[in-house]
Amino acid sequence: MTADNWSFVFAAYGLAVVVIVTYWRFLVRRERELSEGDTLRRHGSGMPEPQAEQRSP
Amino acid sequence: MKRLLGAVTVVGLVVGLVMAFGIAPREATQGNVQRIMYLHVPSVWVAYLAFAVVLVASIAYLARRSEGADRLAHASAEVGVLFTGLTIATGSIWGKPTWGTWWTWDARLTTVSILFVMYLGYLLLRGMIDDRERGARFAAVLGIVAAFNIPLVHFSVYWWRTLHQPPSLMKPGPSTMPGVIVAALLVNFAAFTLLYVYFVTRRARVLRLEAEAEA
Amino acid sequence: MVVWKDLLVERRSKETLNAVFFFGLLLLFLFQFALGPDRERLAGTLPGLLWLGFILSGLLGLGRTFVAERENDCWEGLLLTPGDKSAIYVGKLAGNLLLMLVVETILLVLFGFFFNLELAAVLPALAVVIALGTVAFAAVGTLFAAMTAHVRARELLFPVLLLPVEAPVLLATVKATEAVLLGEPLGSVAHWLKLLAAADVVYVAVGVLTFDFVLEG
């Protein structure tokens, strides 16, 4: 009877979940930063550029 | 719309998980390690899908100079690289208990690795060109070259591995598999495709917002 | 127009030719030093080493395809050329092909000398393989050289882009060379040769069709 190696299965799925969730959070965060920056600009805020612009993906 | 797509995607992924762990049986020869295939095979499918989209979007960009096409190509390439990396990682994790080694130059892993490096180069190129328009143009050309290269990679690697070489023992591909396993695979295919669409849509939107912010 | 470009390229390439040839020679030495004097062990890896030598030398030469235009502010001259810019691509490609083939011939002779190979009998077959592989390499290399000419860290990006794309070509040429050096007929590696031929057609076609887009602006 072949060994089951559940640790490998969980490692693979765990990795997938981490990667997918991380990318998703990156997307959500970037979108929020950019939309806020947009809104601020449109409402003529006197504030300096929000930190959205500083990092490129 | 975005909400709906996101929700459907999550549902799809959950159903896929249930299929993979709850409903699909323990595989006869490999044991439960085979369940990694429900992750690995759909990833590879999504990667190929992504790169096909990159090809179409690249041609569309060169033909029409549509910014939307450029953003689609960029987003799809990025998501494609993501899933290609996942394919390699899951393939390797599956390989350790199955073949006894983390890495082996089997046909699929080798092919996918070449694709990974090719499209990583695509992203690198984009990152290193400051002029937006030139970056789009060059990336489109590269996207076309890379896509046309895929069949060449596929055949060369396949011949490299199978001629004068014993065929690999456990082929993780659909041949004569029980219906339940096929069903689980298909559900996960669908779920991953939804995830691809969701990711690309959001990524393209972020790119558009970035472009607008710079304007 | 193309011929003029070609001649111009050839005249300039003398310095490139010397440098690339010398680099190839150094590579030969390095292979020997790295892999040890054991003849038996080396024999098995010969086809691979030969093509590694071709490719690494080629990278050097190909990367410089558009250096003169860039450095001497001739880039606008290229862009303003009337008519189909693909002719420039073909001209540059022809020049690069010539350069690579010359270097490869010399390297092959040196290889034969250092590793005591009997090349005379297999020369025609070997020539076919080398020709097919070199076209594939030069076709993409010329296109990518134009693309990376204006990019930051072009010396880095050029090989990074070219090598993955050329992976199937490398697989094919090494396998075919292996067979040829063992004295097998070309027919036994027909599938590899067909793959190389297909690659040649695809790469040159894509190069011709997309070069206009690369040279704009």
# chains A, B, ... in the order shown; residues from 1 in each chain; ligands from 1

call {"tool": "residues_around", "arguments": {"residues": "A:Phe26", "least_positions_apart": "5", "cutoff": "10 Å", "atoms": "only C-alpha atoms", "output": "ChimeraX atom specification"}}
result
/A:20-21,31-32,57 /B:203

call {"tool": "residues_around", "arguments": {"residues": "C:Phe114", "least_positions_apart": "3", "cutoff": "12 Å", "atoms": "only C-alpha atoms", "output": "ChimeraX atom specification"}}
result
/C:25,28-29,31-32,37,39,42-43,46,50,107-111,117-118

call {"tool": "interface_residues", "arguments": {"of": "chain A", "to": "chain B", "cutoff": "8 Å", "atoms": "only C-alpha atoms", "output": "list of chain:residue names"}}
result
A:Thr2, A:Ala3, A:Asp4, A:Asn5, A:Trp6, A:Phe8, A:Val9, A:Ala11, A:Ala12, A:Tyr13, A:Ala16, A:Trp24, A:Leu27, A:Arg30, A:Glu31, A:Leu34, A:Ser35, A:Gly37, A:Asp38

call {"tool": "write_last_selection", "arguments": {"atoms": "C-alpha atoms", "output": "PDB file, in the first residue's frame"}}
result
ATOM      1  CA  THR A   2       1.644   3.237  -1.106  1.00  0.00           C
ATOM      2  CA  ALA A   3       2.250   5.835   1.585  1.00  0.00           C
ATOM      3  CA  ASP A   4      -0.201   8.687   1.636  1.00  0.00           C
ATOM      4  CA  ASN A   5       2.118  11.638   2.019  1.00  0.00           C
ATOM      5  CA  TRP A   6      -0.600  13.999   3.196  1.00  0.00           C
ATOM      6  CA  PHE A   8       2.957  16.941   0.550  1.00  0.00           C
ATOM      7  CA  VAL A   9      -0.658  17.354  -0.433  1.00  0.00           C
ATOM      8  CA  ALA A  11       2.089  21.679   1.293  1.00  0.00           C
ATOM      9  CA  ALA A  12       0.966  21.975  -2.320  1.00  0.00           C
ATOM     10  CA  TYR A  13      -2.502  23.232  -1.501  1.00  0.00           C
ATOM     11  CA  ALA A  16      -1.434  27.545  -3.757  1.00  0.00           C
ATOM     12  CA  TRP A  24      -5.513  38.852  -4.617  1.00  0.00           C
ATOM     13  CA  LEU A  27      -4.715  43.561  -6.476  1.00  0.00           C
ATOM     14  CA  ARG A  30      -3.423  48.523  -5.441  1.00  0.00           C
ATOM     15  CA  GLU A  31      -6.908  49.218  -6.658  1.00  0.00           C
ATOM     16  CA  LEU A  34      -5.276  54.151  -6.905  1.00  0.00           C
ATOM     17  CA  SER A  35      -8.983  54.860  -6.515  1.00  0.00           C
ATOM     18  CA  GLY A  37      -5.637  58.816  -5.097  1.00  0.00           C
ATOM     19  CA  ASP A  38      -8.011  59.486  -7.950  1.00  0.00           C
TER      20      ASP A  38
END

call {"tool": "atom_distance", "arguments": {"atom1": "atom CA of B:Ala140", "atom2": "atom CA of B:Glu78"}}
result
13.8 Å

call {"tool": "closest_residue", "arguments": {"among": "C:Val151, C:His191, C:Leu97, C:Arg41", "to": "B:Asp130", "atoms": "only C-alpha atoms"}}
result
C:Val151

call {"tool": "select_by_dssp", "arguments": {"residues": "chain C", "states": "helix (DSSP H, G or I)", "output": "VMD selection string"}}
result
chain C and resid 2 to 35 39 to 63 67 to 71 75 to 79 86 to 114 123 to 148 154 to 181 186 to 215
